[in-house]
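Source file: input26.txt. Holds: compact mmCIF, C-alpha atoms.
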```
# COMPACT_ATOMS: atom_id res chain seq x y z
CA MET L 1 5.09 10.45 26.55
CA PRO L 2 7.30 10.61 23.43
CA ASN L 3 5.92 11.27 19.97
CA THR L 4 6.80 9.48 16.74
CA ILE L 5 8.31 11.39 13.82
CA ILE L 6 9.65 10.30 10.44
CA ILE L 7 13.33 11.15 10.06
CA GLY L 8 14.07 9.51 6.72
CA SER L 9 12.47 7.68 3.81
CA GLY L 10 13.32 5.58 0.78
CA SER L 11 11.60 3.70 -2.03
CA TYR L 12 12.28 1.26 -4.82
CA ILE L 13 10.37 1.55 -8.09
CA PRO L 14 11.12 -1.33 -10.48
CA ASN L 15 12.57 -0.54 -13.91
CA ARG L 16 10.19 -2.74 -15.94
CA VAL L 17 7.30 -0.65 -17.26
CA ILE L 18 4.33 -2.85 -18.10
CA GLY L 19 1.81 -1.27 -20.48
CA ARG L 20 -1.25 -2.45 -22.36
CA ASP L 21 0.67 -4.58 -24.85
CA TYR L 22 1.77 -6.96 -22.09
CA PHE L 23 -1.82 -8.21 -21.70
CA MET L 24 -2.92 -8.29 -25.35
CA ASP L 25 -2.59 -12.08 -25.69
CA SER L 26 -4.57 -12.75 -22.49
CA GLU L 27 -7.63 -14.98 -22.39
CA PHE L 28 -9.86 -13.35 -19.78
CA TYR L 29 -12.69 -14.94 -17.79
CA THR L 30 -15.44 -13.46 -15.63
CA GLU L 31 -15.56 -13.97 -11.85
CA ASP L 32 -18.04 -16.79 -12.57
CA GLY L 33 -15.53 -18.62 -14.75
CA VAL L 34 -17.08 -17.73 -18.11
CA LYS L 35 -14.73 -16.89 -20.95
CA ILE L 36 -15.11 -13.28 -22.08
CA ASP L 37 -16.04 -13.42 -25.75
CA LYS L 38 -14.53 -10.14 -26.88
CA PRO L 39 -11.05 -9.02 -27.96
CA ALA L 40 -8.55 -8.57 -25.12
CA GLU L 41 -7.86 -5.07 -26.46
CA GLU L 42 -11.48 -4.08 -25.72
CA THR L 43 -11.33 -5.52 -22.18
CA ILE L 44 -8.07 -3.71 -21.51
CA ALA L 45 -9.40 -0.37 -22.79
CA LYS L 46 -12.43 -0.64 -20.50
CA PHE L 47 -10.18 -1.50 -17.58
CA VAL L 48 -8.00 1.58 -18.17
CA GLU L 49 -11.10 3.77 -18.43
CA ILE L 50 -12.30 2.67 -14.99
CA THR L 51 -9.03 2.38 -13.07
CA GLU L 52 -6.85 4.90 -14.97
CA ILE L 53 -3.98 2.40 -14.71
CA GLU L 54 -2.11 2.84 -17.97
CA ASN L 55 1.22 1.44 -16.75
CA ARG L 56 2.54 -0.49 -13.79
CA ARG L 57 5.98 -1.74 -12.67
CA PHE L 58 7.14 -5.35 -12.32
CA ILE L 59 10.44 -6.52 -10.83
CA GLU L 60 12.99 -8.49 -12.84
CA ASP L 61 13.03 -12.27 -12.43
CA ASP L 62 16.33 -12.15 -10.51
CA LEU L 63 14.92 -9.83 -7.83
CA SER L 64 12.81 -10.64 -4.77
CA ASN L 65 10.51 -8.93 -2.30
CA SER L 66 13.18 -8.80 0.40
CA GLN L 67 15.71 -7.41 -2.09
CA ILE L 68 13.56 -4.45 -3.11
CA GLY L 69 12.55 -3.99 0.54
CA TYR L 70 16.25 -3.86 1.38
CA GLU L 71 16.86 -1.21 -1.31
CA ALA L 72 14.09 0.99 0.12
CA ALA L 73 15.31 0.39 3.69
CA LYS L 74 18.92 1.22 2.81
CA ALA L 75 17.82 4.46 1.17
CA ALA L 76 15.71 5.36 4.23
CA LEU L 77 18.65 4.76 6.60
CA GLU L 78 20.90 6.89 4.43
CA ASP L 79 18.28 9.65 4.27
CA ALA L 80 17.88 9.55 8.05
CA LYS L 81 21.67 9.46 8.53
CA THR L 82 21.06 6.57 10.92
CA ASP L 83 23.20 3.51 11.58
CA GLY L 84 21.21 0.29 11.27
CA GLU L 85 22.72 -0.88 14.55
CA GLU L 86 20.64 1.79 16.30
CA LEU L 87 17.35 0.19 15.22
CA ASP L 88 15.24 -1.30 17.99
CA TYR L 89 12.73 -2.88 15.60
CA ILE L 90 12.25 -3.63 11.93
CA ILE L 91 8.59 -4.03 10.96
CA TYR L 92 8.00 -5.36 7.44
CA ALA L 93 4.55 -5.24 5.83
CA SER L 94 3.67 -7.56 2.96
CA ASN L 95 0.86 -9.90 1.97
CA PHE L 96 2.73 -12.75 0.32
CA GLY L 97 6.27 -12.60 1.66
CA GLU L 98 9.11 -13.88 -0.50
CA VAL L 99 7.30 -15.01 -3.66
CA THR L 100 9.28 -17.05 -6.20
CA VAL L 101 8.98 -16.50 -9.94
CA ASP L 102 6.77 -19.61 -9.98
CA GLY L 103 4.43 -18.09 -7.41
CA TYR L 104 5.43 -20.03 -4.30
CA VAL L 105 5.01 -18.04 -1.08
CA ASN L 106 7.71 -18.16 1.60
CA PHE L 107 7.58 -16.49 5.03
CA MET L 108 10.36 -18.46 6.71
CA PRO L 109 12.55 -16.76 7.72
CA ASN L 110 10.31 -13.74 8.01
CA MET L 111 10.76 -10.72 5.76
CA ALA L 112 12.00 -8.34 8.47
CA ALA L 113 14.73 -10.83 9.43
CA ARG L 114 15.80 -11.14 5.79
CA VAL L 115 16.16 -7.37 5.48
CA LYS L 116 18.06 -7.15 8.77
CA ASN L 117 20.44 -9.75 7.36
CA LYS L 118 20.85 -7.92 4.05
CA LEU L 119 21.55 -4.68 5.93
CA GLY L 120 24.27 -6.49 7.89
CA ILE L 121 22.81 -5.47 11.27
CA LYS L 122 24.52 -7.34 14.12
CA ASN L 123 22.43 -5.89 16.97
CA ARG L 124 20.77 -8.95 18.53
CA LYS L 125 18.21 -6.78 20.28
CA CYS L 126 16.92 -5.36 17.01
CA VAL L 127 13.60 -7.23 16.87
CA THR L 128 12.14 -8.27 13.51
CA TYR L 129 8.37 -8.33 13.03
CA ASP L 130 6.25 -9.00 9.95
CA MET L 131 2.90 -7.27 9.51
CA ILE L 132 0.36 -9.22 7.44
CA PHE L 133 -2.69 -6.99 7.35
CA GLY L 134 -3.74 -6.66 3.72
CA CYS L 135 -3.05 -3.45 1.82
CA PRO L 136 -3.29 -1.44 5.09
CA GLY L 137 -0.22 -3.33 6.37
CA TRP L 138 2.30 -0.50 6.17
CA VAL L 139 -0.03 2.00 7.86
CA GLU L 140 -0.71 -0.59 10.58
CA ALA L 141 3.03 -1.15 10.95
CA MET L 142 3.38 2.60 11.50
CA ILE L 143 0.66 2.43 14.16
CA LEU L 144 2.50 -0.46 15.86
CA ALA L 145 5.73 1.54 15.73
CA ASP L 146 3.98 4.52 17.31
CA ASN L 147 2.61 2.31 20.09
CA LEU L 148 6.06 0.85 20.77
CA ILE L 149 7.61 4.31 20.92
CA LYS L 150 4.87 5.74 23.14
CA ALA L 151 5.29 2.73 25.44
CA LYS L 152 9.01 3.58 25.56
CA ALA L 153 9.82 0.10 24.28
CA ALA L 154 11.71 1.58 21.32
CA LYS L 155 13.35 4.78 20.13
CA THR L 156 14.17 4.09 16.48
CA ILE L 157 12.25 1.79 14.11
CA LEU L 158 12.50 0.88 10.43
CA VAL L 159 9.06 0.40 8.82
CA VAL L 160 9.03 -1.25 5.38
CA GLY L 161 6.20 -1.97 2.96
CA ALA L 162 7.08 -4.12 -0.07
CA GLU L 163 5.17 -6.39 -2.41
CA THR L 164 5.68 -8.40 -5.60
CA LEU L 165 2.06 -8.84 -6.64
CA SER L 166 2.96 -9.56 -10.27
CA ARG L 167 3.87 -13.08 -9.12
CA VAL L 168 0.54 -13.92 -7.49
CA THR L 169 -1.97 -12.83 -10.15
CA ASP L 170 -4.22 -15.14 -12.16
CA PRO L 171 -3.39 -14.76 -15.89
CA HIS L 172 -7.10 -15.19 -16.69
CA ASP L 173 -8.38 -12.55 -14.26
CA ARG L 174 -8.90 -8.99 -15.55
CA ASN L 175 -7.97 -7.71 -12.10
CA ARG L 176 -4.39 -8.87 -12.68
CA MET L 177 -3.91 -5.58 -14.56
CA ILE L 178 -4.36 -3.66 -11.29
CA PHE L 179 -1.44 -5.15 -9.40
CA ALA L 180 2.22 -4.15 -9.44
CA ASP L 181 5.50 -4.36 -7.52
CA GLY L 182 7.37 -1.87 -5.38
CA ALA L 183 8.80 -0.99 -1.97
CA GLY L 184 8.81 1.96 0.40
CA ALA L 185 10.34 2.50 3.84
CA VAL L 186 10.70 5.10 6.57
CA ILE L 187 12.73 5.49 9.74
CA VAL L 188 10.65 6.69 12.69
CA GLN L 189 12.11 7.97 15.92
CA ALA L 190 10.98 9.07 19.36
CA THR L 191 10.94 12.81 20.06
CA ASP L 192 10.10 14.90 23.10
CA GLN L 193 8.59 17.60 20.88
CA GLU L 194 4.93 18.06 21.69
CA ASN L 195 2.01 17.71 19.26
CA VAL L 196 4.08 16.49 16.31
CA GLY L 197 4.43 13.26 14.35
CA ILE L 198 1.63 10.71 14.63
CA ILE L 199 -0.99 12.69 16.56
CA ALA L 200 -3.94 10.33 15.97
CA HIS L 201 -4.68 6.94 14.48
CA ASN L 202 -7.55 4.47 14.13
CA THR L 203 -7.95 0.89 12.95
CA ILE L 204 -11.14 -0.94 11.99
CA CYS L 205 -11.36 -4.69 11.30
CA ASP L 206 -14.56 -6.02 9.73
CA ASN L 207 -13.96 -9.75 9.53
CA GLY L 208 -17.50 -11.05 9.11
CA PRO L 209 -19.12 -11.32 5.66
CA GLU L 210 -16.32 -9.08 4.38
CA LEU L 211 -13.63 -11.64 5.23
CA CYS L 212 -13.15 -13.00 1.71
CA TYR L 213 -13.73 -9.90 -0.40
CA LEU L 214 -9.99 -10.29 -0.99
CA GLU L 215 -8.49 -13.76 -0.71
CA ASN L 216 -6.27 -16.44 -2.21
CA ALA L 217 -8.19 -18.68 -4.61
CA PRO L 218 -7.67 -20.96 -7.64
CA SER L 219 -7.73 -19.59 -11.18
CA ILE L 220 -11.13 -18.46 -12.46
CA ASN L 221 -10.38 -20.61 -15.51
CA GLU L 222 -11.42 -24.06 -14.29
CA ASN L 223 -9.53 -25.71 -17.15
CA VAL L 224 -6.15 -24.99 -15.55
CA ASP L 225 -4.49 -26.36 -12.42
CA GLN L 226 -6.81 -25.56 -9.49
CA ARG L 227 -4.15 -26.27 -6.86
CA ARG L 228 -2.28 -23.03 -7.54
CA LEU L 229 -3.68 -20.06 -5.61
CA TYR L 230 -3.83 -16.45 -6.78
CA VAL L 231 -4.95 -13.14 -5.33
CA ARG L 232 -8.69 -12.79 -5.96
CA MET L 233 -10.97 -9.85 -5.22
CA GLN L 234 -14.65 -9.10 -5.44
CA GLY L 235 -14.32 -5.67 -6.98
CA ARG L 236 -17.89 -4.44 -6.63
CA LYS L 237 -18.19 -5.48 -2.98
CA ILE L 238 -14.84 -3.89 -2.13
CA TYR L 239 -15.90 -0.67 -3.86
CA GLU L 240 -19.17 -0.51 -1.94
CA TYR L 241 -17.49 -1.39 1.36
CA ALA L 242 -14.74 1.18 0.93
CA LEU L 243 -17.08 3.98 -0.08
CA LYS L 244 -19.33 3.29 2.88
CA ASN L 245 -16.65 2.90 5.56
CA VAL L 246 -13.36 4.60 4.67
CA PRO L 247 -14.51 8.26 4.60
CA SER L 248 -16.09 8.02 8.05
CA ALA L 249 -12.96 6.31 9.44
CA ILE L 250 -10.79 9.14 8.10
CA LYS L 251 -13.15 11.76 9.54
CA GLU L 252 -13.08 10.07 12.94
CA THR L 253 -9.27 10.09 12.95
CA ILE L 254 -9.11 13.75 11.91
CA GLY L 255 -11.53 14.51 14.74
CA ASP L 256 -9.41 12.56 17.22
CA ALA L 257 -6.52 14.85 16.25
CA GLY L 258 -8.67 17.87 17.12
CA LEU L 259 -8.74 18.94 13.48
CA SER L 260 -11.16 19.38 10.59
CA ILE L 261 -10.81 18.78 6.86
CA GLU L 262 -9.57 22.32 6.21
CA ASP L 263 -6.59 21.58 8.48
CA ILE L 264 -5.45 18.67 6.29
CA ASP L 265 -2.96 19.47 3.53
CA LYS L 266 -2.60 16.04 1.92
CA ILE L 267 -4.36 12.69 2.03
CA LEU L 268 -2.08 9.82 1.07
CA ILE L 269 -4.62 7.12 0.33
CA HIS L 270 -3.95 3.56 -0.79
CA GLN L 271 -4.68 3.25 -4.49
CA ALA L 272 -6.33 0.20 -5.98
CA ASN L 273 -8.62 1.96 -8.42
CA ALA L 274 -8.64 5.66 -9.33
CA LYS L 275 -12.43 5.77 -9.59
CA MET L 276 -12.77 4.38 -6.06
CA ASP L 277 -10.22 6.82 -4.63
CA TYR L 278 -11.91 9.82 -6.21
CA ALA L 279 -15.24 8.66 -4.80
CA MET L 280 -13.86 8.16 -1.27
CA ILE L 281 -12.21 11.59 -1.15
CA GLU L 282 -15.39 13.22 -2.47
CA ARG L 283 -17.49 11.36 0.11
CA LEU L 284 -15.08 12.46 2.87
CA HIS L 285 -15.54 16.11 1.94
CA LYS L 286 -19.31 15.65 1.82
CA LEU L 287 -19.17 14.52 5.45
CA TYR L 288 -17.90 18.05 6.17
CA ASP L 289 -20.49 19.61 3.80
CA VAL L 290 -17.68 20.63 1.45
CA LYS L 291 -18.62 20.46 -2.24
CA ASP L 292 -15.64 22.15 -3.88
CA TYR L 293 -12.07 21.27 -2.95
CA ASP L 294 -8.61 21.15 -4.49
CA HIS L 295 -8.20 17.63 -5.88
CA ALA L 296 -4.43 17.97 -5.42
CA ILE L 297 -5.14 17.15 -1.75
CA SER L 298 -5.03 13.48 -2.78
CA PRO L 299 -1.91 12.73 -4.89
CA MET L 300 -2.18 9.83 -7.33
CA THR L 301 0.51 7.39 -8.46
CA ILE L 302 -1.72 4.55 -9.62
CA GLN L 303 -1.86 5.68 -13.26
CA ASN L 304 1.79 4.81 -13.83
CA LEU L 305 2.79 2.63 -10.86
CA GLY L 306 -0.34 0.50 -10.43
CA ASN L 307 -1.53 -0.93 -7.11
CA THR L 308 1.58 -1.79 -5.09
CA SER L 309 -0.45 -2.61 -1.98
CA VAL L 310 1.56 -1.94 1.20
CA ALA L 311 4.20 -0.02 -0.78
CA THR L 312 1.83 2.62 -2.17
CA ILE L 313 1.78 5.11 0.71
CA PRO L 314 5.47 4.98 1.78
CA THR L 315 6.52 5.25 -1.88
CA MET L 316 4.26 8.26 -2.40
CA TYR L 317 5.54 9.87 0.81
CA ASP L 318 9.14 9.39 -0.32
CA LEU L 319 8.49 10.80 -3.80
CA ILE L 320 6.71 13.89 -2.48
CA ILE L 321 9.13 14.74 0.32
CA LYS L 322 12.05 14.45 -2.11
CA GLY L 323 10.38 16.65 -4.72
CA LYS L 324 9.90 13.84 -7.25
CA MET L 325 6.13 14.23 -7.76
CA GLU L 326 5.32 17.13 -10.01
CA GLY L 327 3.06 19.70 -8.35
CA GLN L 328 3.13 17.96 -4.97
CA THR L 329 4.84 19.19 -1.80
CA PHE L 330 4.32 18.89 1.94
CA LYS L 331 3.62 22.07 3.89
CA ASP L 332 6.06 22.98 6.63
CA LYS L 333 4.49 21.96 9.96
CA GLY L 334 1.44 20.83 8.01
CA ASN L 335 -0.96 17.94 8.66
CA ILE L 336 -1.37 14.92 6.40
CA VAL L 337 -3.51 11.78 6.51
CA MET L 338 -2.25 8.31 5.58
CA THR L 339 -5.07 5.83 5.08
CA SER L 340 -5.73 2.43 3.56
CA VAL L 341 -8.35 -0.27 3.08
CA GLY L 342 -7.80 -3.90 2.14
CA ALA L 343 -8.03 -7.61 2.78
CA GLY L 344 -9.75 -8.57 5.98
CA MET L 345 -11.52 -6.20 5.47
CA ASN L 346 -9.34 -3.76 7.36
CA ILE L 347 -9.24 0.04 7.40
CA ASN L 348 -6.79 2.34 9.12
CA ALA L 349 -5.79 5.99 9.17
CA ILE L 350 -3.07 8.18 10.66
CA VAL L 351 -2.92 11.93 11.10
CA TYR L 352 0.71 13.02 10.90
CA ARG L 353 2.00 16.51 11.71
CA PHE L 354 5.40 17.56 10.39
CA PRO L 355 7.75 18.86 13.12
```
Could I get this structure in the form of structure tokens?
Amino acid sequence: MPNTIIIGSGSYIPNRVIGRDYFMDSEFYTEDGVKIDKPAEETIAKFVEITEIENRRFIEDDLSNSQIGYEAAKAALEDAKTDGEELDYIIYASNFGEVTVDGYVNFMPNMAARVKNKLGIKNRKCVTYDMIFGCPGWVEAMILADNLIKAKAAKTILVVGAETLSRVTDPHDRNRMIFADGAGAVIVQATDQENVGIIAHNTICDNGPELCYLENAPSINENVDQRRLYVRMQGRKIYEYALKNVPSAIKETIGDAGLSIEDIDKILIHQANAKMDYAMIERLHKLYDVKDYDHAISPMTIQNLGNTSVATIPTMYDLIIKGKMEGQTFKDKGNIVMTSVGAGMNINAIVYRFP
């Protein structure tokens, strides 16, 4: 059966850099709705210490999710030297769709269809799917693309991950400082080359007690309009869940590829919190009884780009492969892991081998 390789990539990083000063006038509340009786500056400093997020990027008011997704998609098509009319599918991962400046969510028409329209694609048999799967959405879209290609239902697919989380955060929630905006995209294509591209993948969905660790909920400040919904997360529970489950899921996927940790050159992991990512990568190595390892195996963008959800991994891939991340490169014919955890709770991982 055919294999799935990446033939081009693109990303869109917003121009607006949002630093500490943006949040200095905030009135923060705890998860229990109690006003935090300390200066915002102190809360912000503690947040940066834990997450390492010093800056993040927000889109301008006149931009939209589908617009930045289009920019990333256009760049990916140009990089792949592929005509959009050749696409069999467009799969678009996001959590909130086309969010207005006022925070209203809109999924009709779906995001993939909007991008197809913006690209001017006339091919009526280019099918447009949206993937709503939490932060692991783009990785899951890649898994779907691989399944379509292996089933010989498609040859060329555009996979986009884009989010405008700045428009769905509660102004009274400290966690709002985690979230950011951005878009990344790749073109994947069928190849007859053996043992290249996506050589293994796994998905885990724990939808029991974990279901609402990440959810939409009213403001934690009960004195404001409770009809408006914002992204809400239970940080401690997510941390514990991720640390317990993500490393073993990655190890299982590496094993399915017939490899071990020493065969992996890079781990592109979704980034919501630097402390959590460091802990997951360390725990993964412990599963292989490895105590000392090169921390460059897991590139980090969160310090200056924030948590862009579904856009994190494709953006990081695009930056590295184009030589735009200092000290980071992909090894020729090397193996990388792409992995994410998020709302659901869902976990997934891919082992990808460069042709």
_Residues within 12 Å of region 276-278 of chain L, please, as a PyMOL selection string. Count all atoms listed in the file; anything in the same chain fewer than 2 positions from it doesn't count._
chain L and resi 50-52+235-244+246-247+267-274+280-285+293-302+307+339-341
*asked:* Ranking L:Glu71, L:Glu49, L:Lys266, L:Ile91 by minimum distance to Glu140 (chain L) and counting all atoms listed in the file, which one comes first?
replied: L:Ile91
*Residues within 6 Å of (6.0, 10.2, 12.8), file coords, all atoms listed in the file, listed as a ChimeraX atom specification*: /L:4-6,188,197-198
*Within 8 Å of Phe23 (chain L), counting all atoms listed in the file, which residues show up once you throw out same-chain ones fewer than 3 positions away? Write them as a PyMOL selection string, please.*
chain L and resi 19-20+26+40+44+177
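With distances restricted to all atoms listed in the file, L:Lys152 is the closest residue to Asp192 (chain L) from L:Asn223, L:Val290, L:Lys152, L:Tyr70.
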Leu144 (chain L) surroundings by all atoms listed in the file, 12 Å radius, close-in-sequence under 2 positions cut, as an mmCIF file with C-alpha atoms, in the frame of the given file:
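Listed below is the output, out.cif:
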```
data_model
loop_
_atom_site.group_PDB
_atom_site.id
_atom_site.type_symbol
_atom_site.label_atom_id
_atom_site.label_comp_id
_atom_site.auth_asym_id
_atom_site.auth_seq_id
_atom_site.Cartn_x
_atom_site.Cartn_y
_atom_site.Cartn_z
ATOM 1 C CA THR L 4 6.800 9.480 16.740
ATOM 2 C CA TYR L 89 12.730 -2.880 15.600
ATOM 3 C CA ILE L 90 12.250 -3.630 11.930
ATOM 4 C CA ILE L 91 8.590 -4.030 10.960
ATOM 5 C CA TYR L 92 8.000 -5.360 7.440
ATOM 6 C CA ALA L 93 4.550 -5.240 5.830
ATOM 7 C CA TYR L 129 8.370 -8.330 13.030
ATOM 8 C CA ASP L 130 6.250 -9.000 9.950
ATOM 9 C CA MET L 131 2.900 -7.270 9.510
ATOM 10 C CA PHE L 133 -2.690 -6.990 7.350
ATOM 11 C CA GLY L 137 -0.220 -3.330 6.370
ATOM 12 C CA TRP L 138 2.300 -0.500 6.170
ATOM 13 C CA VAL L 139 -0.030 2.000 7.860
ATOM 14 C CA GLU L 140 -0.710 -0.590 10.580
ATOM 15 C CA ALA L 141 3.030 -1.150 10.950
ATOM 16 C CA MET L 142 3.380 2.600 11.500
ATOM 17 C CA ASP L 146 3.980 4.520 17.310
ATOM 18 C CA ASN L 147 2.610 2.310 20.090
ATOM 19 C CA LEU L 148 6.060 0.850 20.770
ATOM 20 C CA ILE L 149 7.610 4.310 20.920
ATOM 21 C CA LYS L 150 4.870 5.740 23.140
ATOM 22 C CA ALA L 151 5.290 2.730 25.440
ATOM 23 C CA ALA L 153 9.820 0.100 24.280
ATOM 24 C CA ALA L 154 11.710 1.580 21.320
ATOM 25 C CA ILE L 157 12.250 1.790 14.110
ATOM 26 C CA LEU L 158 12.500 0.880 10.430
ATOM 27 C CA VAL L 159 9.060 0.400 8.820
ATOM 28 C CA VAL L 188 10.650 6.690 12.690
ATOM 29 C CA ILE L 198 1.630 10.710 14.630
ATOM 30 C CA HIS L 201 -4.680 6.940 14.480
ATOM 31 C CA ASN L 202 -7.550 4.470 14.130
ATOM 32 C CA THR L 203 -7.950 0.890 12.950
ATOM 33 C CA ASN L 348 -6.790 2.340 9.120
ATOM 34 C CA ILE L 350 -3.070 8.180 10.660
#
```
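Using only C-alpha atoms, the nearest neighbour of Asp102 (chain L) within the list L:Val337, L:Arg228, L:Phe354, L:Glu163 is L:Arg228.
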_Coordinates-based distance that separates CA of Thr43 (chain L) from CA of Met316 (chain L) (Å, one decimal)_ =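 Between CA of Met316 (chain L) and CA of Thr43 (chain L) the gap works out to 28.7 Å.
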*Contacts of Ile187 (chain L) within 9 Å, all atoms listed in the file, excl. fewer than 6 positions in-chain, as a PyMOL selection string*: chain L and resi 5-10+73+76-77+79-80+82+87+156-160
Would you export the selected residues with C-alpha atoms as a compact mmCIF listing (two decimals), in the coordinates of the input, please?
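As written to disk, again_36.txt reads:
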```
# COMPACT_ATOMS: atom_id res chain seq x y z
CA ILE L 5 8.31 11.39 13.82
CA ILE L 6 9.65 10.30 10.44
CA ILE L 7 13.33 11.15 10.06
CA GLY L 8 14.07 9.51 6.72
CA SER L 9 12.47 7.68 3.81
CA GLY L 10 13.32 5.58 0.78
CA ALA L 73 15.31 0.39 3.69
CA ALA L 76 15.71 5.36 4.23
CA LEU L 77 18.65 4.76 6.60
CA ASP L 79 18.28 9.65 4.27
CA ALA L 80 17.88 9.55 8.05
CA THR L 82 21.06 6.57 10.92
CA LEU L 87 17.35 0.19 15.22
CA THR L 156 14.17 4.09 16.48
CA ILE L 157 12.25 1.79 14.11
CA LEU L 158 12.50 0.88 10.43
CA VAL L 159 9.06 0.40 8.82
CA VAL L 160 9.03 -1.25 5.38
```
*CA of Pro314 (chain L) and CA of Ala190 (chain L), how far apart in Å?*
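We find that CA of Ala190 (chain L) and CA of Pro314 (chain L) lie 18.9 Å from each other.
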*Any idea what the distance is between CA of Pro39 (chain L) and CA of Glu222 (chain L)?*
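Answer for the CA of Pro39 (chain L) to CA of Glu222 (chain L) separation: 20.3 Å.
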*For Glu98 (chain L), which residue among L:Cys135, L:Ala45, L:Leu165, L:Leu319 is the nearest when counting all atoms listed in the file?*
L:Leu165
*Which one of L:Val115, L:Val224, L:Ile347, L:Ala200 sits closest to His172 (chain L) if you count all atoms listed in the file?*
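Between L:Val115, L:Val224, L:Ile347, L:Ala200, the residue approaching His172 (chain L) most closely is L:Val224.
Among the candidate residues L:Ile36, L:Val186, L:Ile68, L:Ala145, the one lying nearest to Ile321 (chain L) is L:Val186, with distances computed using all atoms listed in the file.
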_9 Å contact set for Val17 (chain L), all atoms listed in the file, chain neighbours under 2 positions out, as a PyMOL selection string_ = chain L and resi 14-15+19+55-58+304-305
To box region 12-15 of chain L, take all atoms listed in the file, fit an axis-aligned box, add 8 Å on each side, and give centre and edge lengths in Å to one decimal, as JSON.
```
{"center_x": 11.5, "center_y": 0.1, "center_z": -9.4, "size_x": 18.2, "size_y": 18.9, "size_z": 25.1}
```
*Go ahead and find all residues with at least one atom no further than 7 Å from (-10.1, -10.1, -2.2) in the file's coordinates, using all atoms listed in the file; report them as a VMD selection string.*
chain L and resid 212 to 215 231 to 234 343
